[in-house]
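> One structure follows; several queries about it will come next.
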Amino acid sequence: MKIKLRLALATAVAILPDVVLAVGEDLGRIQGTITEAQSKAPIPGAKIRATGPSLIGPPRESLSGEDGSYELSNLPHGDYDIELSFSGVAPLHRRVEVRAGETTPLDIPWSVELTQVETTVVELERHGTRPEETHTGATFSIDKQNNLQVARQYQSIVSQAAGVIGTGNSYVKGGASRHNRILIDGLDTTDPVTNTFSANLNQETISSVQVMTGAMQAKYNALGSVQNIITKSGSDEFHLDVVYFVRPKQLQSFHTGGPQFYDYEQPYNRVQQPPNQVHQVGISASGPILRHQLWYSASFEFDYSSRVTPLGPPLNRQAPNRVFQDIYPQLKLTWAPAAKHRLIFQGLGDPTTIDYENNSGTTANVETPLASAGRFQGGWKGISEWDYFITNNLDTKVLLGYSFNSLETGPQGAVRSIDPKYGTYDFDRPRHVNNVDDSRWFNGTSRNGTYRHRWQLDASVTLRGHWLKLAHEAEVGVQSSFLYNKSTTRFTGGGLRYSDNQPGSGAALDQGLCDDDPFVEPDPSRRTGRGCNLRVRSVDYVNRLRGYTLGIYAQDRIKPVRWLTLFPGLRWDISQGWVIGGEGTMRLHGFGPRFGAIADVTGDQKTILQASYGRSTEMVYLSPLSTVSSQAQNISFQERYSNGAWVNPVQIGGPGSAFVDPRPGTPPHSDEFTVSFRRELFANSVGIIDYTYKRVSNVIDAVEQNVIYDPSGNRVIGYVNPAQRSSVIVLTSSPRNYSEYSGIDFQFESRFNKHLDFTGSYTLAWTYGPAYDEILGVSTTSGGTQYWNQFSNPRQAQMFRGYAPAIDRRHSIKTQTTYVNGPWVLGVVVNYRSGIAERKTYSNTNSGANTSRWRAPNGLDPVTPNDIESWSEFRIPPTFLVNVKGGYDFYSLTKLHLRLEAGIENLFDSFVPTGVRNTANSVFGQVSNREQPFQVQLGLRYHY
Amino acid sequence: MSARIEMVIGFSLVNALAFIHCNPYPKGEFSAGSVDPVNFPPPYRGTGSTRLVAGSGTITETTAFINGTTAGYFSFPFATDLNTTGTIPDGGVDPLQVGAWRSPPGLGYVFDPPQPGTNAFPSPAGCRAPDNYQYDALRDETRLDEQGNIFSRLPAATWTEGSAPTWTYNPVVREVVVTSNGEACQYIKSERTLLSRGDVVVQKGDPLPDGTPTAIPDQFYLAWAIIDPGSGVYRVGQTPANSTGVGTQKWGWFRQFLLAYIDGGYLAIADGKFRTQRLFFPRRIGAAVTRLGAGNDVLEFRRGEAGYSPICEVFSFDALTGPVPRSATVINAPPYAASVRGVPSTENAGVPKYTFCLQVQ
């Protein structure tokens, strides 16, 4: 028997195609051991064959080795039928789920008796212990997400992973919002300027979303997370999906809550529900162009949403709706010209327009339509991939991509168009801000454009084999990018804008606007200076920036013994950025060692213990340079009105007001320790406990160089350079700028039966330290930027210690449950989070420099003045949200897979605050925002 | 027990140990920032102050003359529970009677006074500065080559709707001498830490029933007016346009909060009462009516002179003809002496009989 098996092994190896791959970002693999059921002896030479609807090309096959082990690599995510067979013996059948970037363990006990049992239905198995991957996180299948009421954007899917905080640019395990890398099919598409996501994607494009939250191998370099969006690829089967979703106003709840936490509905409030509505329509198709050789996947989505804040003070007139319109086209071609080659070409776009972009927030009631903002954003991406499977044990991958995205913001009348009923827009008319009630008039501040380009070229080689008596899977690679950005700023009003009325003057709305402006008072003889307070003069400017990054890595997967896998790795990165035609260069480089060890404790891949250490480094992105370049060119003069004239011009910005540290030394980096315990608790169910400690250090921030405060930190009393009477910052990475994360994730995932699927996590975490985000800055009315961090006022530095505002939220529970039975679909999403750390700010007397100060560290409210024993934690309340979706497939009636869906967000119409006013004044502690109320989304989905 | 099971237990222990969470907040004797003056009585926040905005007021020295030369004093009223505009004593409380105030003065822990009762400020400091230390106004929260004196009480007023604020605070502390012993400058920021340390020398009293240590003050009182640390303090001739408002005030600590105070020196005591000096102001200059603090005040004694006191008894006089007198000696002689009036009098309505008049060095 043994000789027969070995013969079969030799024969099979000779006939197998050379398609053995390392697990890639967008691919998974199945790995296991074939043993004799009774004796547990390994069985070599067994033939394992995988087929599945997601597979591109012919079925994947492998043979078990001397020790009974086998591996099926290069499998797109999806469900696979596994056939275990020997020549002349009836095969065994299993079915497993494979996820992108993960190894699915599948040990198969074999006996002749088992093959004699006739199997008619093969149950899908799920084995989630990930015995061959160190990274923490989750992979979300879009098929499951489509059964859940989750916003139709990948960012919302990412937020469902344990350890991820917030949507959009999320905070992941101590990393800042600029510390994530956003990949599309493994290629880095992170915005070259902001280091945040650079595009929105058509949901119908996505196949799965992989979120790696830590313990990553050397090929990844992120202080936060790696979010890899895996798009659909065509296969030999044709598929067509058409979807339509609508959220009509009539199916949305509406509340008129009062300002206090305990204020609920206002029964006599006559504010009408604004006409909010959302429409989304999408279509996607995939299939073969040439069977077994050339496949396509194409999709298109159009979104329209219209929202507005109900009318309120100070303007008390209903603002125009914020109208968001986008189109998301995509085309992907996959070509396998030969068995050893695979080529992928993909193009994506996301052009978007936003009218009155701030009118779904509190700004709606302070900005008149002429002063409102509009926006155009979006861009195009091209991604190509070449996979060359040279031999069984050697393969290469080359990724080449180009990404362009632009952002044009400014007055609605300039960037978009404005309805004449709101007045005639004039770009040259100055903007006025009434300081008494914060109402804004006539124009926006400036029209801004930013045009960003990123070229990315990655190449890697994977080599597998036995060296030094150990099994290896080694990978070396290089990742490079070239970044370029051009931004323009044109000021409205010929560079002039007014900040009117000293607070307390009593004048309100447009009656109090400065009449020294000829547009307010055309007759010079009638200009009295009424309402005049502050005038700012600014000059248009243009920025051009460029940079590069280069990373080289080597990583290995070593198996010294059967139950132990080691993951050593090392990467080195270097990067540089320049201001073209100006001063400002930043250069960063650093090493990132990684090491992980995984032990298969029980020897059956069902009990996994892992420990990992890794350092990631942050390389240059253009935002720090943009900050410096903008501040150096954005020359503004702030003048006060006094006795009939504008006097005491104070220059803000201009040359010499900002620098970038050319060689800041140690780059921003994270040191992370992870311990993970994973156990298959029962069939198709796994429990995971991950503990992570991460320290992110040397975070880039602005360090004040010029402003001298009084010893109490309340007043500016001087300048290091008396000739420069404003802030001078240097952007650098200081070891004193750090954040720490300590958190434990308890995760449970189960496919209880073929109908019921559950994924849930509970996270207990602390995030603290002064650098809870990177380059903390806020725009000011005078045009500059204020940097409120521990370095902006040295006498306030200690107040930046403590729990990270808006990030530290201690307890978090996330569950996703789907029940699919015949035509019926039910999905439930539950999200609970405990209170979010806030911070209380106090006003000071400064006008040009920092206008806020603190009296207790972040996350604390100094309840009783001057008594540290009264400092108590300051958090907004917990939230508990339940979303439900139900659907019915009318196939039995129509013979078409036509599914009608109804989704409910905020099932219990939770009305709890999600924001509070945190400035110490008469409205401190009042609610600034509440949870989006109950709303229904209706949908129709056709699938072929 | 197999090696792998041992490994599981080992990793679990490491995991559990690592999960012990650290308190992220500053620990020990950290600086809690500057005191919040929100409840300070208005005179101690300065002119033009907004209660919710620290540093919004200015504290300006009142121009005065002593023996014909220009001088100045910082004026602070007595507590509102001490009636200093009517007949004194009022209700049995004499503002000058040592120990008679309903709210007794707090303690001032004075580090290394060279001459208690005469000079409270050491030079150089008795504490230990960092090696090669040089003060950097941009970077250093406080000077690390000095030790700020420590206070046990802050000014506080009570606000009632429809009424002017009231307070019991007087700008006086009882001195407790502290002898340094090489401790790091500015390390000690609170009374509690000061009294719990073994290295510095303080005269301690019996602990309170709850175990709180106490100190025994000496017989000296200091006129130290605690002010809004953000308020600019301007000497005669200084304005916000030509001065930072920093330099006149001194810096100390209250329960780890940085505070500022104006040093008016020691109060003199005689026969169980605080001794005063006289403060004159003209009621009229020629035909024009004038008032206290209008720039023509005259004090008897300069800081450092034997008769100096930071508490003034207020008198008014008429300067109907000739130059306005700039000396107490001149005022006490004809023709002005006949018009000198004390308080209370119908000609000084609303003027306090006593006021704090702190001269700084």
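Naming works like this for the structure tokens: A, B, ... for the chains as they're shown, residue 1 at the start of each chain, ligands 1 onward in shown order.
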Give me, as a PyMOL selection string, all polymer residues having an atom no more than 12 Å from range 197-205 of chain B, counting only C-alpha atoms and skipping those fewer than 6 positions away in the same chain.

chain B and resi 29+108-112+126-127+175-185+187-191+211-218

> Show me a table, sorted first by chain and then by increasing residue number, of the residues of chain A having an atom at most 8 Å from chain B, each with its shortest atom pair and the distance in Å to one decimal, counting only C-alpha atoms and written as a tab-separated table.


```
residue	atom	partner	partner_atom	distance
A:Val601	CA	B:Arg4	CA	5.7
A:Leu609	CA	B:Val8	CA	7.1
A:Val675	CA	B:Asn15	CA	6.7
A:Tyr691	CA	B:Asn15	CA	6.9
A:Tyr693	CA	B:Ala18	CA	7.9
A:Gln705	CA	B:Leu138	CA	7.7
A:Asn706	CA	B:Leu138	CA	7.5
A:Val707	CA	B:Leu138	CA	7.1
A:Ile708	CA	B:Leu138	CA	5.1
A:Tyr709	CA	B:Leu138	CA	7.1
A:Asp710	CA	B:Val246	CA	6.9
A:Pro711	CA	B:Glu141	CA	6.0
A:Ser712	CA	B:Ser34	CA	5.1
A:Gly713	CA	B:Gly230	CA	7.2
A:Asn714	CA	B:Gly230	CA	5.3
A:Arg715	CA	B:Gly230	CA	6.4
A:Ile717	CA	B:Thr244	CA	5.1
A:Gly718	CA	B:Thr244	CA	7.1
A:Val720	CA	B:Leu138	CA	7.7
A:Ser742	CA	B:Phe19	CA	7.0
A:Gly743	CA	B:Phe19	CA	7.5
A:Ile744	CA	B:Phe19	CA	7.9
A:Tyr768	CA	B:Pro24	CA	6.2
A:Gly769	CA	B:Pro24	CA	7.0
A:Pro794	CA	B:Arg139	CA	5.7
A:Arg795	CA	B:Glu141	CA	4.9
A:Gln796	CA	B:Gly33	CA	6.9
A:Gln798	CA	B:Pro26	CA	7.3
A:Arg801	CA	B:Tyr25	CA	6.0
A:Gly802	CA	B:Tyr25	CA	4.9
A:Tyr803	CA	B:Pro24	CA	6.8
A:Tyr842	CA	B:Val53	CA	7.4
A:Ser843	CA	B:Val53	CA	5.6
A:Asn844	CA	B:Val53	CA	5.4
A:Thr845	CA	B:Ser56	CA	6.0
A:Arg855	CA	B:Gly33	CA	6.5
A:Ala856	CA	B:Ala32	CA	7.1
A:Pro857	CA	B:Tyr25	CA	7.2
A:Pro865	CA	B:Asp36	CA	5.9
A:Asn866	CA	B:Val35	CA	5.7
A:Asp867	CA	B:Arg255	CA	7.3
A:Ile868	CA	B:Ala32	CA	7.5
A:Ala920	CA	B:Leu52	CA	7.6
A:Asn921	CA	B:Leu52	CA	7.0
```

> Can you list, as a CSV table (one decimal) with N, CA and C atoms, in the first residue's frame, every protein, DNA or RNA residue that comes within 12 Å of Pro334 in chain B when you count only C-alpha atoms, leaving out same-chain residues fewer than 5 positions away?


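out-v4.csv, freshly written:
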```csv
chain,number,residue,atom,x,y,z
B,317,PHE,N,-8.0,115.2,51.9
B,317,PHE,CA,-7.7,116.6,52.2
B,317,PHE,C,-8.1,117.4,50.9
B,318,ASP,N,-8.1,118.7,51.1
B,318,ASP,CA,-8.4,119.6,50.0
B,318,ASP,C,-7.1,120.3,49.6
B,319,ALA,N,-6.9,120.3,48.2
B,319,ALA,CA,-5.8,121.0,47.7
B,319,ALA,C,-6.3,122.1,46.8
B,325,PRO,N,0.2,118.7,47.0
B,325,PRO,CA,1.3,118.3,47.9
B,325,PRO,C,1.6,116.8,47.6
B,328,ALA,N,3.6,113.5,52.9
B,328,ALA,CA,2.7,113.4,54.0
B,328,ALA,C,3.1,114.5,55.0
B,329,THR,N,4.3,114.9,55.1
B,329,THR,CA,4.7,115.9,56.0
B,329,THR,C,4.1,117.2,55.6
B,339,SER,N,-7.8,120.5,56.6
B,339,SER,CA,-8.8,119.9,55.8
B,339,SER,C,-8.7,118.3,55.8
B,340,VAL,N,-7.8,117.8,56.5
B,340,VAL,CA,-7.6,116.3,56.5
B,340,VAL,C,-8.8,115.7,57.2
```

> If we count only C-alpha atoms, what is near range 748-763 of chain A at a cut-off of 7 Å, once residues fewer than 5 positions away on the same chain are taken out, given as a PyMOL selection string?

chain A and resi 162-163+684-688+743+811-821

> With a distance cut-off of 9 Å and only C-alpha atoms, select the neighbouring residues of Gly551 in chain A, excluding the residue or stretch itself and same-chain residues fewer than 5 positions from it, and output the selection as a ChimeraX atom specification.

/A:219,221,477-480,571-575

> Could those selected residues go to a file with all heavy atoms, as a JSON list (two decimals), in the first residue's frame?


```json
[["chain", "number", "residue", "atom", "x", "y", "z"],
["A", 219, "LYS", "N", 6.15, 42.47, 5.05],
["A", 219, "LYS", "CA", 5.74, 43.08, 3.79],
["A", 219, "LYS", "C", 4.78, 44.25, 4.00],
["A", 219, "LYS", "O", 4.54, 45.03, 3.09],
["A", 219, "LYS", "CB", 5.14, 42.04, 2.86],
["A", 219, "LYS", "CG", 3.77, 41.55, 3.27],
["A", 219, "LYS", "CD", 3.31, 40.36, 2.44],
["A", 219, "LYS", "CE", 3.22, 40.72, 0.96],
["A", 219, "LYS", "NZ", 2.76, 39.58, 0.18],
["A", 221, "ASN", "N", 3.67, 47.68, 6.24],
["A", 221, "ASN", "CA", 4.30, 48.73, 7.05],
["A", 221, "ASN", "C", 3.24, 49.77, 7.39],
["A", 221, "ASN", "O", 3.01, 50.70, 6.63],
["A", 221, "ASN", "CB", 5.45, 49.38, 6.26],
["A", 221, "ASN", "CG", 6.35, 50.20, 7.15],
["A", 221, "ASN", "OD1", 6.50, 49.89, 8.34],
["A", 221, "ASN", "ND2", 6.96, 51.23, 6.60],
["A", 477, "GLY", "N", 10.93, 41.53, -1.25],
["A", 477, "GLY", "CA", 10.21, 42.43, -2.13],
["A", 477, "GLY", "C", 10.65, 43.86, -1.98],
["A", 477, "GLY", "O", 11.38, 44.22, -1.05],
["A", 478, "VAL", "N", 10.21, 44.63, -2.92],
["A", 478, "VAL", "CA", 10.49, 46.05, -2.89],
["A", 478, "VAL", "C", 9.17, 46.78, -3.16],
["A", 478, "VAL", "O", 8.36, 46.34, -3.98],
["A", 478, "VAL", "CB", 11.58, 46.43, -3.93],
["A", 478, "VAL", "CG1", 11.17, 46.01, -5.32],
["A", 478, "VAL", "CG2", 11.90, 47.90, -3.89],
["A", 479, "GLN", "N", 8.96, 47.85, -2.42],
["A", 479, "GLN", "CA", 7.74, 48.65, -2.59],
["A", 479, "GLN", "C", 8.16, 50.09, -2.77],
["A", 479, "GLN", "O", 8.90, 50.63, -1.94],
["A", 479, "GLN", "CB", 6.84, 48.51, -1.35],
["A", 479, "GLN", "CG", 6.36, 47.09, -1.14],
["A", 479, "GLN", "CD", 5.92, 46.79, 0.29],
["A", 479, "GLN", "OE1", 6.27, 47.51, 1.21],
["A", 479, "GLN", "NE2", 5.18, 45.71, 0.45],
["A", 480, "SER", "N", 7.74, 50.71, -3.84],
["A", 480, "SER", "CA", 8.20, 52.06, -4.11],
["A", 480, "SER", "C", 7.02, 52.92, -4.56],
["A", 480, "SER", "O", 6.06, 52.43, -5.14],
["A", 480, "SER", "CB", 9.27, 52.06, -5.20],
["A", 480, "SER", "OG", 8.74, 51.51, -6.39],
["A", 571, "ARG", "N", 12.37, 44.84, 7.45],
["A", 571, "ARG", "CA", 12.20, 45.74, 6.33],
["A", 571, "ARG", "C", 12.97, 47.02, 6.61],
["A", 571, "ARG", "O", 13.24, 47.39, 7.76],
["A", 571, "ARG", "CB", 10.75, 46.02, 6.02],
["A", 571, "ARG", "CG", 9.96, 46.75, 7.08],
["A", 571, "ARG", "CD", 8.55, 47.02, 6.59],
["A", 571, "ARG", "NE", 8.54, 47.90, 5.44],
["A", 571, "ARG", "CZ", 7.87, 47.69, 4.31],
["A", 571, "ARG", "NH1", 7.14, 46.62, 4.18],
["A", 571, "ARG", "NH2", 7.91, 48.55, 3.31],
["A", 572, "TRP", "N", 13.32, 47.68, 5.55],
["A", 572, "TRP", "CA", 14.00, 48.97, 5.65],
["A", 572, "TRP", "C", 13.33, 49.91, 4.68],
["A", 572, "TRP", "O", 13.08, 49.57, 3.53],
["A", 572, "TRP", "CB", 15.48, 48.82, 5.31],
["A", 572, "TRP", "CG", 16.21, 50.14, 5.34],
["A", 572, "TRP", "CD1", 16.54, 50.86, 6.44],
["A", 572, "TRP", "CD2", 16.72, 50.87, 4.22],
["A", 572, "TRP", "NE1", 17.20, 52.01, 6.08],
["A", 572, "TRP", "CE2", 17.33, 52.05, 4.73],
["A", 572, "TRP", "CE3", 16.71, 50.66, 2.85],
["A", 572, "TRP", "CZ2", 17.92, 52.99, 3.90],
["A", 572, "TRP", "CZ3", 17.30, 51.60, 2.02],
["A", 572, "TRP", "CH2", 17.91, 52.75, 2.55],
["A", 573, "ASP", "N", 13.02, 51.06, 5.17],
["A", 573, "ASP", "CA", 12.31, 52.04, 4.35],
["A", 573, "ASP", "C", 13.07, 53.35, 4.34],
["A", 573, "ASP", "O", 13.65, 53.74, 5.36],
["A", 573, "ASP", "CB", 10.90, 52.29, 4.91],
["A", 573, "ASP", "CG", 10.00, 51.07, 4.75],
["A", 573, "ASP", "OD1", 10.04, 50.21, 5.65],
["A", 573, "ASP", "OD2", 9.29, 50.99, 3.73],
["A", 574, "ILE", "N", 13.02, 54.00, 3.23],
["A", 574, "ILE", "CA", 13.59, 55.33, 3.11],
["A", 574, "ILE", "C", 12.62, 56.17, 2.30],
["A", 574, "ILE", "O", 11.92, 55.67, 1.41],
["A", 574, "ILE", "CB", 14.99, 55.29, 2.46],
["A", 574, "ILE", "CG1", 15.62, 56.69, 2.47],
["A", 574, "ILE", "CG2", 14.93, 54.73, 1.04],
["A", 574, "ILE", "CD1", 17.08, 56.69, 2.11],
["A", 575, "SER", "N", 12.58, 57.45, 2.61],
["A", 575, "SER", "CA", 11.64, 58.31, 1.90],
["A", 575, "SER", "C", 12.11, 59.74, 1.99],
["A", 575, "SER", "O", 12.88, 60.12, 2.88],
["A", 575, "SER", "CB", 10.25, 58.19, 2.52],
["A", 575, "SER", "OG", 10.28, 58.59, 3.87]]
```

> Could you state the separation of CA of Pro104 in chain B and CA of Ser345 in chain B in Å, given to one decimal place?

29.0 Å

> Which residues come within 10 Å of Phe121 in chain B, counting only C-alpha atoms, excluding same-chain residues fewer than 4 positions away, as a list in words?

Val110, Phe111, Asp112, Pro113, Pro114, Gln115, Pro116, Ala125, Asn149 and Gly265 of chain B

> Which residue, B:Lys250, B:Arg278, B:Arg235, B:Arg283, has the smallest gap to Gln147 in chain B when you use only C-alpha atoms?

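Of all the options, B:Lys250 lies closest to Gln147 in chain B.
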
> So which residues touch range 536-546 of chain A within 8 Å, counting only C-alpha atoms, skipping near sequence neighbours fewer than 5 positions away, as a ChimeraX atom specification?

/A:482-491,495-499,577-581,622,625-626,629-630,633-639,782

> Compare A:Leu370, A:Phe389, A:Gly45, A:Ile383 by their minimum atom-to-atom distance to Ala336 in chain A, counting only C-alpha atoms, and give me the closest one.

A:Phe389

> Which one is closest to Asn332 in chain B: B:Leu292, B:Gly304, B:Phe280, B:Glu313? Count only C-alpha atoms.

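Result for the nearest residue to Asn332 in chain B: B:Phe280.
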
> From the DSSP assignment of the backbone, select every residue of range 47-111 of chain A that is strand (DSSP E or B), and format the answer as JSON, numbers by chain.

{"A": [47, 48, 49, 50, 51, 60, 61, 62, 63, 69, 70, 71, 72, 73, 74, 75, 76, 78, 79, 80, 81, 82, 83, 84, 85, 86, 89, 90, 91, 92, 93, 94, 95, 96, 97, 98, 103, 104, 105, 108, 109, 110]}

> According to DSSP computed on the backbone, where in range 354-502 of chain A is there helix (DSSP H, G or I)? Give the residues as a VMD selection string.

chain A and resid 362 to 365 369 to 371 412 to 415 420 to 422 493 to 495

> CA of Gln651 in chain A and CA of Val415 in chain A are how many Å apart?

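Going from CA of Gln651 in chain A over to CA of Val415 in chain A covers 28.6 Å.
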
> What does the distance between CA of Thr492 in chain A and CA of Gln325 in chain A come to in Å, to one decimal place?

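CA of Gln325 in chain A lies 25.7 Å from CA of Thr492 in chain A.
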